[in-house]
Each structure stands twice: as structure tokens, then as C-alpha cells.
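What follows is one structure encoded as C-alpha cells, with my remarks underneath.
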Amino acid sequence: MSAGRAGFFLSFEGIDGSGKSTQVRKLAEHLRARGLTVRLTREPGGSEGAEDIRKLVLEGDGDRWSPETEILLFTAARRDHMERVILPALAAGEVVICDRFADSTRMYQGLASAEMRGLVDQLHDLMIGREPDLTLLIDMDPETGLARALGRQGGEERFEARGIAWQRQMRAGFLDLAKAHPDRIRVVDGAGEIDQVAAEIAAVVDGALA
Ligand code: ADP
Ligand code: TYD
């Protein structure tokens, strides 16, 4: 079975600690076992330049960048990632699995106000212009997600420090986005055991690839 010459572009979305990184790895294993060529990647980051930008946006004080500058940095990182990693892999017929993509910018930067959301959408149209073929939204309650996320090591606390109310707003925003794009975004319950969630995701993706 092959993904075809055009490849297949999958993204994972959800609040911090919802299990995206765990599940992208599980899905990559599943698809590789089926003989598919899989490119596992993430945002912000995924290419050399975009990983440099990741450090600029995720480390340091919360007010390090203005909201507008932050949107530009995320979009610049995504553009580099698209040019150098995602589009070449799709052109080679690979399945690209991206841990977060443009929906994260629509939520984390765009939910601040209608004006910010407008900026996010305009920059996306101008500089990115492509959506994933399928997006898996891992839904879970923010208390569990935040407890899991804070349990991890690392210096990328700038976003996670924003707390439960923030995560709750992001969760609701993601669910609204899924309702607005039912053909692209599939919601998966992230509260179960790792293997149980992985099996549900594998079934959805196998169906989409068939
Ligand atoms: P995300 O990438 O969405 O922030 P991770 O995959 O890094 O989430 O998961 C956050 C933490 O929760 C990790 O320590 C991971 O091992 C753990 N975890 C992930 N999925 C589950 C699950 N279904 N049940 C219990 N713990 C989980
Ligand atoms: P990530 O490493 O996926 O965090 P986690 O594993 O905790 O879910 O992403 C880091 C943070 O970057 C996360 O809090 C969401 C934020 N982010 C944005 O604010 N905008 C974006 O466009 C992206 C891709 C991520």
C-alpha cells in the first residue's frame, strides 16, 4: 500500500499534555509497519531554521514578543518548515505527520481577539496556503493535560505557565474549530490508556488512507 505520489499530510492538535507527541510516535510505528514511508515532524520547528525560531518563541518571558511579532515568528517558522521538509516529503509520496500545525496558531495566537485571528488567517493565506489532509484533535480535560505537561522536564514553560483557564479556552476553541471543519478535523478522546487512544487514531487514519 502506498500513500500515492501526492503523499498524505496529517497534523495532530490539542492542548499541552493531551498526548500528541506520544500518539504521533505510535501512529508512525503503525504506518511504518504497514510499509508506508513516514516523516515525523513538529511545530514550532521541524526544520533547522524553524527549530532556531522555536527557541525564540518558547523560551524567555511571556512578554518577550508583541502578539503581532509572535504571529510573524510562528508563520516564518512554518514557512521554512513547509519549504524544506513538508512539501518535499509530500512530493516524494511520504506520509507527513506533524505534531501541531496552523490550527495551533489559530488558537494560541488567534483566540486573543478577532483582529489577531484575522492576522493569523491573512498570513496563513499569504505565506502557507495549505491545510493538512487530515487533522487529529486529541481532546482532553485541561486539569489532566496540564498536570501531565508540568510533569515533564524542560525550559519551554512560557506557554504552559499560562494555567488552567487558558487551557480551557484553548480546548473550547479547538472543539469549535473541529465543528467548523468536520471534513478535515477528527476529534479523538485523549483520556483513555495510551494504546486505546492509539488504536482509535490508527482506525481513523487507516480509513482516510484507504
Ligand atoms: P503533548 O505532546 O500533547 O504535550 P505528550 O505526549 O508529551 O503530550 O504527553 C504528556 C505526558 O503524558 C507524557 O509524560 C506522556 O508520557 C503522558 N501521556 C501521554 N498519553 C497518555 C495517556 N493516554 N495516559 C497517561 N499518560 C499519558
Ligand atoms: P509543543 O511543543 O507542541 O507543546 P506541548 O507538547 O506542550 O503541547 O508546543 C509548544 C507550545 O507552542 C504550545 O504551548 C503551543 C505553542 N504554539 C503556539 O502558540 N502557536 C503555534 O503556532 C504553535 C505551533 C505552537
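Ligands are numbered from 1 in the order shown, chains are lettered A, B, ... in the order of the C-alpha cells, and residues start at 1 in each chain.
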
Cut-off 8 Å, only C-alpha atoms and all ligand atoms, neighbours of ligand 2 as a PyMOL selection string: chain A and resi 14-21+42-44+57-58+71+74-75+99-109+149+156+158-160

Per residue of chain A within 12 Å of ligand 1, record the nearest atom pair and its distance in Å to one decimal, counting only C-alpha atoms and all ligand atoms, with rows in chain order and ascending residue number, as CSV.
```
residue,atom,partner,partner_atom_place_in_ligand_line,distance
A:Phe12,CA,ligand 1,3 (O),8.7
A:Glu13,CA,ligand 1,3 (O),7.7
A:Gly14,CA,ligand 1,3 (O),6.3
A:Ile15,CA,ligand 1,3 (O),6.2
A:Asp16,CA,ligand 1,4 (O),4.2
A:Gly17,CA,ligand 1,4 (O),3.3
A:Ser18,CA,ligand 1,3 (O),3.9
A:Gly19,CA,ligand 1,6 (O),3.3
A:Lys20,CA,ligand 1,3 (O),3.7
A:Ser21,CA,ligand 1,2 (O),3.7
A:Thr22,CA,ligand 1,6 (O),3.7
A:Gln23,CA,ligand 1,6 (O),6.3
A:Val24,CA,ligand 1,6 (O),8.1
A:Arg25,CA,ligand 1,6 (O),8.8
A:Lys26,CA,ligand 1,6 (O),10.1
A:Arg42,CA,ligand 1,2 (O),9.8
A:Glu43,CA,ligand 1,2 (O),10.8
A:Cys98,CA,ligand 1,2 (O),11.1
A:Asp99,CA,ligand 1,2 (O),7.4
A:Arg100,CA,ligand 1,2 (O),8.9
A:Ser104,CA,ligand 1,3 (O),11.7
A:Leu136,CA,ligand 1,3 (O),11.6
A:Leu137,CA,ligand 1,3 (O),10.1
A:Ile138,CA,ligand 1,3 (O),7.9
A:Asp139,CA,ligand 1,3 (O),9.7
A:Met140,CA,ligand 1,3 (O),9.8
A:Asp141,CA,ligand 1,3 (O),12.0
A:Pro142,CA,ligand 1,3 (O),11.1
A:Glu143,CA,ligand 1,12 (O),12.0
A:Thr144,CA,ligand 1,12 (O),8.7
A:Gly145,CA,ligand 1,10 (C),7.1
A:Leu146,CA,ligand 1,10 (C),8.5
A:Ala147,CA,ligand 1,12 (O),8.3
A:Arg148,CA,ligand 1,11 (C),4.5
A:Ala149,CA,ligand 1,10 (C),5.1
A:Leu150,CA,ligand 1,11 (C),8.4
A:Gly151,CA,ligand 1,14 (O),6.6
A:Arg152,CA,ligand 1,14 (O),5.9
A:Gln153,CA,ligand 1,14 (O),9.3
A:Gly154,CA,ligand 1,7 (O),11.5
A:Glu156,CA,ligand 1,4 (O),11.2
A:Glu157,CA,ligand 1,4 (O),11.6
A:Phe159,CA,ligand 1,4 (O),11.2
A:Glu160,CA,ligand 1,4 (O),9.5
A:Gln167,CA,ligand 1,4 (O),11.8
A:Val188,CA,ligand 1,23 (N),11.3
A:Asp189,CA,ligand 1,23 (N),9.3
A:Gly190,CA,ligand 1,23 (N),6.0
A:Ala191,CA,ligand 1,23 (N),5.8
A:Gly192,CA,ligand 1,23 (N),5.2
A:Glu193,CA,ligand 1,23 (N),4.3
A:Ile194,CA,ligand 1,23 (N),3.7
A:Asp195,CA,ligand 1,23 (N),7.3
A:Gln196,CA,ligand 1,23 (N),7.7
A:Val197,CA,ligand 1,23 (N),6.5
A:Ala198,CA,ligand 1,23 (N),8.5
A:Ala199,CA,ligand 1,23 (N),11.3
A:Glu200,CA,ligand 1,23 (N),11.7
```

Enumerate as an mmCIF file with N, CA and C atoms, in the first residue's frame all residues of range 159-205 of chain A assigned to helix (DSSP H, G or I) by DSSP on the backbone, naming them with the chain letters and numbers the document uses.
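What follows is the written file part-v2.cif:
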```cif
data_model
loop_
_atom_site.group_PDB
_atom_site.id
_atom_site.type_symbol
_atom_site.label_atom_id
_atom_site.label_comp_id
_atom_site.auth_asym_id
_atom_site.auth_seq_id
_atom_site.Cartn_x
_atom_site.Cartn_y
_atom_site.Cartn_z
ATOM 1 N N PHE A 159 4.555 28.906 27.566
ATOM 2 C CA PHE A 159 3.136 28.737 27.274
ATOM 3 C C PHE A 159 2.415 27.967 28.370
ATOM 4 N N GLU A 160 3.068 26.934 28.853
ATOM 5 C CA GLU A 160 2.392 26.071 29.818
ATOM 6 C C GLU A 160 2.122 26.804 31.125
ATOM 7 N N GLY A 163 -1.612 28.387 32.578
ATOM 8 C CA GLY A 163 -2.582 27.834 33.519
ATOM 9 C C GLY A 163 -3.879 27.278 32.954
ATOM 10 N N ILE A 164 -4.723 26.854 33.904
ATOM 11 C CA ILE A 164 -5.933 26.097 33.579
ATOM 12 C C ILE A 164 -6.956 26.891 32.756
ATOM 13 N N ALA A 165 -7.203 28.161 33.136
ATOM 14 C CA ALA A 165 -8.236 28.938 32.432
ATOM 15 C C ALA A 165 -7.859 29.077 30.955
ATOM 16 N N TRP A 166 -6.572 29.305 30.739
ATOM 17 C CA TRP A 166 -6.053 29.421 29.374
ATOM 18 C C TRP A 166 -6.251 28.117 28.600
ATOM 19 N N GLN A 167 -5.877 27.005 29.232
ATOM 20 C CA GLN A 167 -6.016 25.703 28.572
ATOM 21 C C GLN A 167 -7.481 25.405 28.256
ATOM 22 N N ARG A 168 -8.359 25.838 29.180
ATOM 23 C CA ARG A 168 -9.792 25.603 28.976
ATOM 24 C C ARG A 168 -10.281 26.365 27.735
ATOM 25 N N GLN A 169 -9.799 27.592 27.596
ATOM 26 C CA GLN A 169 -10.159 28.410 26.432
ATOM 27 C C GLN A 169 -9.640 27.770 25.137
ATOM 28 N N MET A 170 -8.411 27.235 25.204
ATOM 29 C CA MET A 170 -7.832 26.586 24.015
ATOM 30 C C MET A 170 -8.638 25.337 23.648
ATOM 31 N N ARG A 171 -9.015 24.554 24.675
ATOM 32 C CA ARG A 171 -9.785 23.332 24.405
ATOM 33 C C ARG A 171 -11.101 23.681 23.704
ATOM 34 N N ALA A 172 -11.817 24.671 24.241
ATOM 35 C CA ALA A 172 -13.105 25.058 23.650
ATOM 36 C C ALA A 172 -12.896 25.564 22.221
ATOM 37 N N GLY A 173 -11.832 26.331 22.013
ATOM 38 C CA GLY A 173 -11.541 26.857 20.678
ATOM 39 C C GLY A 173 -11.264 25.749 19.676
ATOM 40 N N PHE A 174 -10.473 24.762 20.092
ATOM 41 C CA PHE A 174 -10.176 23.620 19.209
ATOM 42 C C PHE A 174 -11.466 22.872 18.851
ATOM 43 N N LEU A 175 -12.347 22.679 19.849
ATOM 44 C CA LEU A 175 -13.594 21.945 19.568
ATOM 45 C C LEU A 175 -14.486 22.735 18.608
ATOM 46 N N ASP A 176 -14.512 24.064 18.754
ATOM 47 C CA ASP A 176 -15.265 24.904 17.810
ATOM 48 C C ASP A 176 -14.690 24.774 16.394
ATOM 49 N N LEU A 177 -13.352 24.789 16.329
ATOM 50 C CA LEU A 177 -12.684 24.675 15.021
ATOM 51 C C LEU A 177 -13.034 23.336 14.364
ATOM 52 N N ALA A 178 -13.073 22.269 15.172
ATOM 53 C CA ALA A 178 -13.420 20.947 14.642
ATOM 54 C C ALA A 178 -14.850 20.945 14.090
ATOM 55 N N LYS A 179 -15.746 21.647 14.794
ATOM 56 C CA LYS A 179 -17.136 21.731 14.306
ATOM 57 C C LYS A 179 -17.207 22.494 12.993
ATOM 58 N N ALA A 180 -16.349 23.503 12.864
ATOM 59 C CA ALA A 180 -16.362 24.328 11.646
ATOM 60 C C ALA A 180 -15.719 23.602 10.453
ATOM 61 N N ILE A 194 -2.924 4.844 26.706
ATOM 62 C CA ILE A 194 -2.165 5.201 25.501
ATOM 63 C C ILE A 194 -2.517 4.281 24.317
ATOM 64 N N ASP A 195 -2.547 2.971 24.559
ATOM 65 C CA ASP A 195 -2.789 2.036 23.454
ATOM 66 C C ASP A 195 -4.222 2.100 22.921
ATOM 67 N N GLN A 196 -5.135 2.437 23.830
ATOM 68 C CA GLN A 196 -6.541 2.557 23.426
ATOM 69 C C GLN A 196 -6.719 3.776 22.501
ATOM 70 N N VAL A 197 -6.110 4.921 22.886
ATOM 71 C CA VAL A 197 -6.175 6.128 22.058
ATOM 72 C C VAL A 197 -5.488 5.858 20.716
ATOM 73 N N ALA A 198 -4.336 5.162 20.776
ATOM 74 C CA ALA A 198 -3.574 4.875 19.548
ATOM 75 C C ALA A 198 -4.396 4.025 18.581
ATOM 76 N N ALA A 199 -5.150 3.069 19.120
ATOM 77 C CA ALA A 199 -5.954 2.190 18.251
ATOM 78 C C ALA A 199 -7.060 2.985 17.563
ATOM 79 N N GLU A 200 -7.657 3.916 18.297
ATOM 80 C CA GLU A 200 -8.721 4.730 17.695
ATOM 81 C C GLU A 200 -8.145 5.603 16.572
ATOM 82 N N ILE A 201 -6.975 6.197 16.845
ATOM 83 C CA ILE A 201 -6.338 7.054 15.837
ATOM 84 C C ILE A 201 -5.949 6.230 14.607
ATOM 85 N N ALA A 202 -5.378 5.048 14.834
ATOM 86 C CA ALA A 202 -4.960 4.196 13.712
ATOM 87 C C ALA A 202 -6.166 3.857 12.829
ATOM 88 N N ALA A 203 -7.302 3.597 13.463
ATOM 89 C CA ALA A 203 -8.500 3.246 12.682
ATOM 90 C C ALA A 203 -8.951 4.428 11.821
ATOM 91 N N VAL A 204 -8.932 5.620 12.407
ATOM 92 C CA VAL A 204 -9.333 6.818 11.650
ATOM 93 C C VAL A 204 -8.388 7.033 10.464
ATOM 94 N N VAL A 205 -7.082 6.925 10.715
ATOM 95 C CA VAL A 205 -6.099 7.207 9.666
ATOM 96 C C VAL A 205 -6.138 6.115 8.584
#
```

Minimum-distance residue to Phe8 in chain A, chosen among A:Leu111, A:Leu123, A:Met116, A:Leu36 (using only C-alpha atoms): A:Leu36

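Here CA of Thr37 in chain A is placed at a distance of 6.2 Å from CA of Val95 in chain A.
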
Interatomic distance, CA of Pro182 in chain A to CA of Thr135 in chain A (Å, one decimal):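 Between these atoms lies a distance of 9.9 Å.
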
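Of the residues in range 18-190 of chain A, those given strand (DSSP E or B) by DSSP on the backbone are Val38, Arg39, Leu40, Thr41, Arg42, Val95, Val96, Ile97, Cys98, Asp99, Leu134, Thr135, Leu136, Leu137, Ile138, Asp139, Ile185, Arg186, Val187, Val188 and Asp189 of chain A.
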
At a cut-off of 9 Å, using only C-alpha atoms, what residues contact Ala92 in chain A? Leave out same-chain residues fewer than 2 positions from it and give the result as a list in words. Arg5, Ala6, Gly7, Leu87, Pro88, Ala89, Leu90 and Glu94 of chain A

Can you write just those residues out, all heavy atoms, as a PDB file, in the first residue's frame?
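Saved result, out_36.pdb, follows:
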```pdb
ATOM      1  N   ARG A   5       1.493   9.284  -5.089  1.00  0.00           N
ATOM      2  CA  ARG A   5       2.554  10.249  -5.384  1.00  0.00           C
ATOM      3  C   ARG A   5       2.395  11.556  -4.632  1.00  0.00           C
ATOM      4  O   ARG A   5       3.360  12.229  -4.339  1.00  0.00           O
ATOM      5  CB  ARG A   5       2.598  10.517  -6.885  1.00  0.00           C
ATOM      6  CG  ARG A   5       3.548   9.614  -7.634  1.00  0.00           C
ATOM      7  CD  ARG A   5       3.730  10.135  -9.035  1.00  0.00           C
ATOM      8  NE  ARG A   5       2.429  10.544  -9.589  1.00  0.00           N
ATOM      9  CZ  ARG A   5       1.838   9.933 -10.606  1.00  0.00           C
ATOM     10  NH1 ARG A   5       2.423   8.937 -11.201  1.00  0.00           N
ATOM     11  NH2 ARG A   5       0.671  10.334 -11.051  1.00  0.00           N
ATOM     12  N   ALA A   6       1.139  11.917  -4.328  1.00  0.00           N
ATOM     13  CA  ALA A   6       0.925  13.214  -3.695  1.00  0.00           C
ATOM     14  C   ALA A   6       1.185  13.181  -2.195  1.00  0.00           C
ATOM     15  O   ALA A   6       1.175  14.208  -1.546  1.00  0.00           O
ATOM     16  CB  ALA A   6      -0.494  13.688  -3.960  1.00  0.00           C
ATOM     17  N   GLY A   7       1.462  12.014  -1.623  1.00  0.00           N
ATOM     18  CA  GLY A   7       1.698  11.924  -0.189  1.00  0.00           C
ATOM     19  C   GLY A   7       0.420  12.177   0.594  1.00  0.00           C
ATOM     20  O   GLY A   7      -0.669  12.322   0.026  1.00  0.00           O
ATOM     21  N   LEU A  87       6.737  19.984   2.179  1.00  0.00           N
ATOM     22  CA  LEU A  87       6.395  19.875   0.747  1.00  0.00           C
ATOM     23  C   LEU A  87       7.298  18.878   0.006  1.00  0.00           C
ATOM     24  O   LEU A  87       6.787  18.055  -0.770  1.00  0.00           O
ATOM     25  CB  LEU A  87       6.397  21.253   0.085  1.00  0.00           C
ATOM     26  CG  LEU A  87       5.285  22.202   0.582  1.00  0.00           C
ATOM     27  CD1 LEU A  87       5.394  23.572  -0.097  1.00  0.00           C
ATOM     28  CD2 LEU A  87       3.890  21.617   0.353  1.00  0.00           C
ATOM     29  N   PRO A  88       8.624  18.882   0.264  1.00  0.00           N
ATOM     30  CA  PRO A  88       9.455  17.860  -0.401  1.00  0.00           C
ATOM     31  C   PRO A  88       9.053  16.431  -0.023  1.00  0.00           C
ATOM     32  O   PRO A  88       9.030  15.544  -0.878  1.00  0.00           O
ATOM     33  CB  PRO A  88      10.881  18.179   0.089  1.00  0.00           C
ATOM     34  CG  PRO A  88      10.850  19.627   0.448  1.00  0.00           C
ATOM     35  CD  PRO A  88       9.451  19.891   0.964  1.00  0.00           C
ATOM     36  N   ALA A  89       8.713  16.205   1.251  1.00  0.00           N
ATOM     37  CA  ALA A  89       8.314  14.852   1.671  1.00  0.00           C
ATOM     38  C   ALA A  89       7.001  14.448   0.998  1.00  0.00           C
ATOM     39  O   ALA A  89       6.856  13.316   0.526  1.00  0.00           O
ATOM     40  CB  ALA A  89       8.184  14.787   3.193  1.00  0.00           C
ATOM     41  N   LEU A  90       6.047  15.370   0.923  1.00  0.00           N
ATOM     42  CA  LEU A  90       4.774  15.056   0.253  1.00  0.00           C
ATOM     43  C   LEU A  90       5.003  14.775  -1.228  1.00  0.00           C
ATOM     44  O   LEU A  90       4.413  13.846  -1.794  1.00  0.00           O
ATOM     45  CB  LEU A  90       3.777  16.204   0.442  1.00  0.00           C
ATOM     46  CG  LEU A  90       3.235  16.412   1.866  1.00  0.00           C
ATOM     47  CD1 LEU A  90       2.389  17.687   1.936  1.00  0.00           C
ATOM     48  CD2 LEU A  90       2.428  15.209   2.336  1.00  0.00           C
ATOM     49  N   GLU A  94       5.514  10.631   0.647  1.00  0.00           N
ATOM     50  CA  GLU A  94       5.549  10.188   2.042  1.00  0.00           C
ATOM     51  C   GLU A  94       4.297  10.621   2.809  1.00  0.00           C
ATOM     52  O   GLU A  94       3.594  11.542   2.403  1.00  0.00           O
ATOM     53  CB  GLU A  94       6.795  10.776   2.732  1.00  0.00           C
ATOM     54  CG  GLU A  94       8.091  10.292   2.093  1.00  0.00           C
ATOM     55  CD  GLU A  94       9.332  10.893   2.737  1.00  0.00           C
ATOM     56  OE1 GLU A  94       9.226  11.519   3.805  1.00  0.00           O
ATOM     57  OE2 GLU A  94      10.407  10.731   2.152  1.00  0.00           O
TER      58      GLU A  94
END
```

Rounded to one decimal place, report the CA of Leu40 in chain A-CA of Ala28 in chain A distance in Å. 7.0 Å

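Residue nearest Val96 in chain A, chosen from A:Gly118, A:Gly35, A:Pro132, A:Gly110 and counting only C-alpha atoms: A:Pro132.
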
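Between Asp52 in chain A and the residues A:Ala77, A:Leu31, A:Leu10, A:Ala208, the shortest atom-to-atom distance, using only C-alpha atoms, involves A:Ala77.
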
Closest of A:Leu73, A:Ile185, A:Val38, A:Ile97 to Ala50 in chain A, counting only C-alpha atoms, is A:Leu73
